[in-house]
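Source file: query_24.cif (mmCIF, C-alpha atoms)
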data_data
loop_
_atom_site.label_atom_id
_atom_site.label_comp_id
_atom_site.auth_asym_id
_atom_site.auth_seq_id
_atom_site.Cartn_x
_atom_site.Cartn_y
_atom_site.Cartn_z
CA MET T 1 100.65 90.12 183.39
CA SER T 2 97.91 91.27 181.02
CA GLU T 3 97.53 89.90 177.53
CA PRO T 4 98.74 92.00 174.59
CA LYS T 5 96.25 94.16 172.76
CA LEU T 6 96.16 94.56 169.02
CA THR T 7 98.58 97.30 168.14
CA GLY T 8 97.35 100.58 166.73
CA CYS T 9 96.53 103.90 168.27
CA THR T 10 93.19 104.35 166.59
CA GLU T 11 90.20 102.05 166.29
CA PHE T 12 90.76 102.00 162.51
CA GLU T 13 94.38 100.87 162.92
CA ARG T 14 93.30 98.13 165.34
CA MET T 15 90.58 97.14 162.88
CA LEU T 16 93.20 96.89 160.11
CA ASN T 17 95.48 94.79 162.31
CA PHE T 18 92.69 92.37 163.29
CA PRO T 19 92.49 90.48 159.94
CA ILE T 20 96.29 90.29 159.82
CA ALA T 21 96.34 88.76 163.30
CA ILE T 22 93.60 86.27 162.38
CA ILE T 23 95.51 85.05 159.32
CA ALA T 24 98.77 84.90 161.30
CA ALA T 25 97.06 82.75 163.97
CA THR T 26 95.75 80.10 161.54
CA ALA T 27 97.72 76.90 161.04
CA ASN T 28 98.51 77.53 157.37
CA ARG T 29 98.36 81.35 157.53
CA VAL T 30 95.40 81.39 155.17
CA VAL T 31 91.68 82.02 155.54
CA GLN T 32 89.58 80.30 152.93
CA GLY T 33 86.59 82.39 151.91
CA THR T 34 84.80 85.59 152.81
CA ARG T 35 82.07 83.81 154.78
CA ARG T 36 84.71 81.99 156.78
CA PHE T 37 86.59 85.22 157.46
CA HIS T 38 83.47 87.00 158.70
CA SER T 39 82.42 83.97 160.76
CA LEU T 40 85.86 83.76 162.41
CA ALA T 41 85.90 87.49 163.05
CA HIS T 42 82.39 87.44 164.52
CA LEU T 43 83.30 84.70 166.97
CA ILE T 44 86.68 86.19 167.96
CA ALA T 45 86.10 89.98 167.95
CA PRO T 46 84.20 90.15 171.26
CA HIS T 47 87.22 88.61 173.00
CA VAL T 48 89.81 91.06 171.63
CA PRO T 49 90.45 93.98 174.00
CA GLY T 50 90.17 97.39 172.35
CA LEU T 51 88.31 96.16 169.28
CA SER T 52 84.71 96.90 168.43
CA LEU T 53 83.15 95.53 165.25
CA SER T 54 79.47 95.64 164.34
CA PHE T 55 77.83 92.70 162.59
CA VAL T 56 74.50 92.25 160.81
CA ILE T 57 72.97 89.21 159.17
CA HIS T 58 73.81 89.58 155.48
CA ARG T 59 73.22 86.84 152.94
CA HIS T 60 72.45 84.46 155.81
CA PHE T 61 75.61 84.93 157.92
CA PRO T 62 77.07 87.54 160.30
CA TYR T 63 78.80 90.19 158.21
CA SER T 64 80.73 93.32 159.20
CA ASP T 65 81.04 96.31 156.90
CA GLN T 66 84.01 97.40 159.04
CA LEU T 67 85.79 94.09 158.40
CA ALA T 68 85.01 94.30 154.68
CA ILE T 69 86.49 97.82 154.59
CA ALA T 70 89.58 96.65 156.50
CA LEU T 71 90.09 93.72 154.11
CA ALA T 72 89.72 96.02 151.07
CA GLU T 73 92.17 98.53 152.57
CA LEU T 74 94.71 95.79 153.34
CA LEU T 75 94.40 94.50 149.78
CA ASP T 76 94.86 98.03 148.37
CA ARG T 77 97.96 98.51 150.53
CA GLY T 78 99.43 95.18 149.36
CA ILE T 79 99.42 93.74 152.88
CA LEU T 80 97.03 90.90 151.98
CA ASP T 81 97.02 88.69 148.92
CA VAL T 82 93.91 87.05 147.58
CA LYS T 83 93.65 84.20 145.15
CA GLN T 84 90.64 82.50 143.64
CA ALA T 85 90.75 78.74 143.98
CA ALA T 86 88.46 75.81 143.25
CA ILE T 87 87.43 74.43 146.65
CA GLY T 88 85.40 71.46 147.76
CA PRO T 89 84.00 68.45 145.99
CA HIS T 90 82.15 70.53 143.39
CA GLY T 91 85.06 72.88 142.63
CA GLU T 92 83.28 76.07 143.73
CA GLN T 93 85.40 79.20 143.42
CA ASP T 94 86.41 80.73 146.74
CA THR T 95 88.77 83.46 147.87
CA LEU T 96 91.94 82.56 149.75
CA TYR T 97 93.23 85.35 152.00
CA THR T 98 96.96 85.25 152.83
CA LEU T 99 99.53 87.74 154.07
CA ALA T 100 101.68 89.34 151.38
CA PRO T 101 105.41 88.51 151.67
CA PRO T 102 106.59 91.48 153.77
CA THR T 103 103.69 90.94 156.18
CA ALA T 104 103.97 87.15 156.20
CA THR T 105 106.22 87.40 159.23
CA SER T 106 103.91 89.86 160.96
CA SER T 107 104.46 90.57 164.63
CA ILE T 108 100.84 91.68 164.97
CA ILE T 109 99.31 89.11 167.26
CA LEU T 110 96.07 88.40 168.99
CA PRO T 111 96.00 87.87 172.73
CA GLN T 112 97.03 84.25 173.45
CA SER T 113 93.50 83.23 174.43
CA CYS T 114 92.21 84.53 171.07
CA SER T 115 95.00 82.86 169.11
CA THR T 116 94.04 79.58 170.76
CA ILE T 117 90.41 80.16 169.75
CA VAL T 118 91.45 80.88 166.14
CA ARG T 119 93.41 77.61 165.98
CA LEU T 120 90.42 75.73 167.41
CA LEU T 121 88.00 77.35 164.95
CA ASP T 122 90.41 76.89 162.05
CA CYS T 123 89.98 73.12 162.42
CA SER T 124 86.22 73.41 161.84
CA SER T 125 84.48 73.36 158.49
CA THR T 126 83.17 76.62 157.07
CA ILE T 127 79.59 75.34 157.38
CA VAL T 128 80.05 74.67 161.11
CA LEU T 129 81.66 78.11 161.56
CA GLU T 130 78.80 79.78 159.66
CA VAL T 131 76.17 78.05 161.77
CA ALA T 132 78.09 78.69 165.01
CA SER T 133 78.54 82.38 164.24
CA THR T 134 74.89 82.69 163.24
CA LEU T 135 73.81 81.05 166.50
CA ALA T 136 76.20 83.31 168.43
CA PHE T 137 74.73 86.33 166.63
CA PHE T 138 71.22 85.51 167.82
CA LEU T 139 72.33 84.46 171.32
CA ALA T 140 74.18 87.78 171.74
CA ARG T 141 70.90 89.55 171.02
CA GLY T 142 69.16 87.89 173.93
CA ASN T 143 67.60 84.88 172.24
CA GLN T 144 67.39 81.60 174.09
CA TRP T 145 69.15 78.58 172.55
CA ASP T 146 65.96 77.14 170.98
CA GLN T 147 65.08 80.53 169.46
CA ALA T 148 68.59 80.95 168.04
CA VAL T 149 68.43 77.45 166.54
CA SER T 150 65.02 78.17 164.99
CA GLN T 151 66.31 81.40 163.44
CA ALA T 152 69.45 79.71 162.14
CA MET T 153 67.37 76.89 160.64
CA TYR T 154 65.10 79.47 158.99
CA LEU T 155 68.07 81.34 157.48
CA LYS T 156 70.04 78.21 156.58
CA PRO T 157 67.60 75.34 156.01
CA VAL T 158 70.21 73.24 154.19
CA LYS T 159 73.17 73.98 156.47
CA ALA T 160 71.59 74.31 159.94
CA ILE T 161 70.76 70.64 160.33
CA PRO T 162 71.02 68.70 163.62
CA PRO T 163 74.56 67.27 163.14
CA ILE T 164 75.94 70.70 162.15
CA ILE T 165 74.06 72.44 164.97
CA SER T 166 75.52 69.90 167.40
CA GLN T 167 79.06 70.62 166.18
CA ALA T 168 78.38 74.37 166.34
CA LYS T 169 77.10 74.01 169.89
CA THR T 170 80.30 72.19 170.86
CA LEU T 171 82.37 75.06 169.39
CA LEU T 172 80.32 77.68 171.21
CA GLN T 173 81.00 75.98 174.54
CA PHE T 174 84.56 77.33 174.31
CA PHE T 175 83.26 80.89 174.47
CA PRO T 176 82.20 82.57 177.70
#
As structure tokens - that is how I would like this structure written.
Amino acid sequence: MSEPKLTGCTEFERMLNFPIAIIAATANRVVQGTRRFHSLAHLIAPHVPGLSLSFVIHRHFPYSDQLAIALAELLDRGILDVKQAAIGPHGEQDTLYTLAPPTATSSIILPQSCSTIVRLLDCSSTIVLEVASTLAFFLARGNQWDQAVSQAMYLKPVKAIPPIISQAKTLLQFFP
């Protein structure tokens, strides 16, 4: 039996359903922060049948204009809720993405293997996800591990430090 695909007849509909499915697959049904959302999406998208998102390095992390458009559209339609909240030890403001009440019981799901990946990634810190997705970005473009690490360290000199790179490497081992 094959795994379910994201519902939607068109690529745009599948793209709209993708963020909903990500949120629905997280433990608390919330994604904390835009960087985290893009990092999760970058790591998961290649494993979702029928979905094609393009990513570029933007402000030092993989970013998708298509995902940004989908998130904005879902907000406009009232399918997603966003809240600003003080996060972390320094109380930085971050965006919390949740499903709006009618969508909170969404039947839009990721294939089981992708849902498992989301739950695994959801347990990681945003910094580890950022570094892992940045490394994955460079690896997907044909760079060797050492080259990807060098580029990540150049882009993120404060975040891409050996303990974080080690954790990111462990996460990336779960991806084919």
Shortest interatomic distance to Ala152 of chain T - which of T:Ile164, T:Leu53, T:Ala85, T:Leu120, counting all atoms listed in the file: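 When distances to Ala152 of chain T are compared using all atoms listed in the file, the smallest one comes from T:Ile164.
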9 Å contact set for segment 68-74 of chain T, only C-alpha atoms, chain neighbours under 2 positions out, as a ChimeraX atom specification: /T:12,15-20,34,38,63-66,76-81
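All protein, DNA and RNA residues at most 8 Å from (78.4, 74.6, 161.0) are Ser124, Ser125, Thr126, Ile127, Val128, Leu129, Glu130, Val131, Ala132, Lys159, Ala160, Ile164, Ile165, Gln167 and Ala168 of chain T, using only C-alpha atoms.
Atom CA of Leu96 of chain T lies 6.2 Å from atom CA of Gln84 of chain T.
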Atom CA of Ile57 of chain T to atom CA of Glu11 of chain T, straight-line distance in Å: 22.6 Å
Answer as a PyMOL selection string, residues within 12 Å of (67.2, 81.5, 155.7) using all atoms listed in the file: chain T and resi 57-61+131+134+149-160
Evaluate the PyMOL selection byres ((chain T and resi 33) around 10) and report residues as a list of chain:residue names: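 Taken over the shown coordinates, the PyMOL selection byres ((chain T and resi 33) around 10) returns T:Val30, T:Val31, T:Gln32, T:Thr34, T:Arg35, T:Arg36, T:Phe37, T:His38, T:Ser39, T:Val82, T:Lys83, T:Gln84, T:Ala85, T:Ile87, T:Gln93, T:Asp94, T:Thr95, T:Leu96, T:Tyr97, T:Thr126.
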Atomic separation - atom CA of Gly88 of chain T relative to atom CA of Leu43 of chain T, Å: 23.4 Å
Pick from T:Ser52, T:Phe137, T:Leu171, T:Thr10, whichever lies nearest to Arg119 of chain T using only C-alpha atoms: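 Closest residue, counting only C-alpha atoms: T:Leu171.
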Best match for closeness to Ile22 of chain T among T:Leu121, T:Leu75, T:Ala41, T:Val48, counting all atoms listed in the file: T:Ala41
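The smallest atom-to-atom distance between Thr170 of chain T and any of T:His90, T:Pro101, T:Ala45, T:Leu135, using only C-alpha atoms, is found for T:Leu135.
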Residue nearest Pro62 of chain T - candidates T:Ala100, T:Pro163, T:Ala140, T:Gln147, atoms counted: all atoms listed in the file: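 Of T:Ala100, T:Pro163, T:Ala140, T:Gln147, the one nearest Pro62 of chain T, counting all atoms listed in the file, is T:Ala140.
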Pick from T:Arg14, T:Ala27, T:Leu139, T:Ser166, whichever lies nearest to Thr116 of chain T using only C-alpha atoms: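 Counting only C-alpha atoms, the residue closest to Thr116 of chain T is T:Ala27.
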Where is the centre and how long are the edges: axis-aligned box on segment 145-148 of chain T, 8 Å on each side, Å to one decimal, as lines of an AutoDock Vina configuration file:
center_x = 67.1
center_y = 79.0
center_z = 170.3
size_x = 20.1
size_y = 19.8
size_z = 20.5
Selection dump of the PyMOL selection byres ((chain T and resi 114) around 12), as number ranges by chain: T: 3-6, 18, 21-22, 24-26, 40-41, 43-49, 109-113, 115-122, 174-175
Completion step: segment 9-33 of chain T with N, CA and C atoms as a compact mmCIF listing (two decimals), in the coordinates of the input:
# COMPACT_ATOMS: atom_id res chain seq x y z
N CYS T 9 97.01 102.84 167.39
CA CYS T 9 96.53 103.90 168.27
C CYS T 9 95.05 104.17 168.08
N THR T 10 94.59 104.03 166.88
CA THR T 10 93.19 104.35 166.59
C THR T 10 92.39 103.06 166.40
N GLU T 11 91.09 103.19 166.53
CA GLU T 11 90.20 102.05 166.29
C GLU T 11 90.40 101.53 164.86
N PHE T 12 90.58 102.44 163.89
CA PHE T 12 90.76 102.00 162.51
C PHE T 12 92.05 101.20 162.35
N GLU T 13 93.12 101.62 163.00
CA GLU T 13 94.38 100.87 162.92
C GLU T 13 94.23 99.49 163.56
N ARG T 14 93.54 99.43 164.70
CA ARG T 14 93.30 98.13 165.34
C ARG T 14 92.44 97.26 164.45
N MET T 15 91.45 97.88 163.78
CA MET T 15 90.58 97.14 162.88
C MET T 15 91.39 96.59 161.69
N LEU T 16 92.35 97.37 161.20
CA LEU T 16 93.20 96.89 160.11
C LEU T 16 94.11 95.75 160.57
N ASN T 17 94.58 95.82 161.80
CA ASN T 17 95.48 94.79 162.31
C ASN T 17 94.75 93.48 162.64
N PHE T 18 93.46 93.56 162.91
CA PHE T 18 92.69 92.37 163.29
C PHE T 18 92.72 91.27 162.22
N PRO T 19 92.41 91.55 160.94
CA PRO T 19 92.49 90.48 159.94
C PRO T 19 93.90 89.91 159.78
N ILE T 20 94.90 90.77 159.91
CA ILE T 20 96.29 90.29 159.82
C ILE T 20 96.55 89.29 160.94
N ALA T 21 96.12 89.64 162.14
CA ALA T 21 96.34 88.76 163.30
C ALA T 21 95.57 87.45 163.16
N ILE T 22 94.37 87.51 162.60
CA ILE T 22 93.60 86.27 162.38
C ILE T 22 94.36 85.35 161.43
N ILE T 23 94.79 85.88 160.30
CA ILE T 23 95.51 85.05 159.32
C ILE T 23 96.78 84.49 159.96
N ALA T 24 97.50 85.34 160.68
CA ALA T 24 98.77 84.90 161.30
C ALA T 24 98.54 83.79 162.33
N ALA T 25 97.35 83.75 162.94
CA ALA T 25 97.06 82.75 163.97
C ALA T 25 96.60 81.41 163.40
N THR T 26 96.22 81.37 162.12
CA THR T 26 95.75 80.10 161.54
C THR T 26 96.94 79.19 161.26
N ALA T 27 96.66 77.90 161.21
CA ALA T 27 97.72 76.90 161.04
C ALA T 27 98.52 77.12 159.75
N ASN T 28 97.83 77.38 158.66
CA ASN T 28 98.51 77.53 157.37
C ASN T 28 98.65 78.98 156.93
N ARG T 29 98.30 79.92 157.83
CA ARG T 29 98.36 81.35 157.53
C ARG T 29 97.54 81.71 156.30
N VAL T 30 96.34 81.11 156.26
CA VAL T 30 95.40 81.39 155.17
C VAL T 30 93.99 81.27 155.72
N VAL T 31 93.10 82.14 155.23
CA VAL T 31 91.68 82.02 155.54
C VAL T 31 90.97 81.80 154.22
N GLN T 32 90.22 80.73 154.17
CA GLN T 32 89.58 80.30 152.93
C GLN T 32 88.14 80.80 152.88
N GLY T 33 87.93 81.91 152.18
CA GLY T 33 86.59 82.39 151.91
C GLY T 33 86.14 83.56 152.76
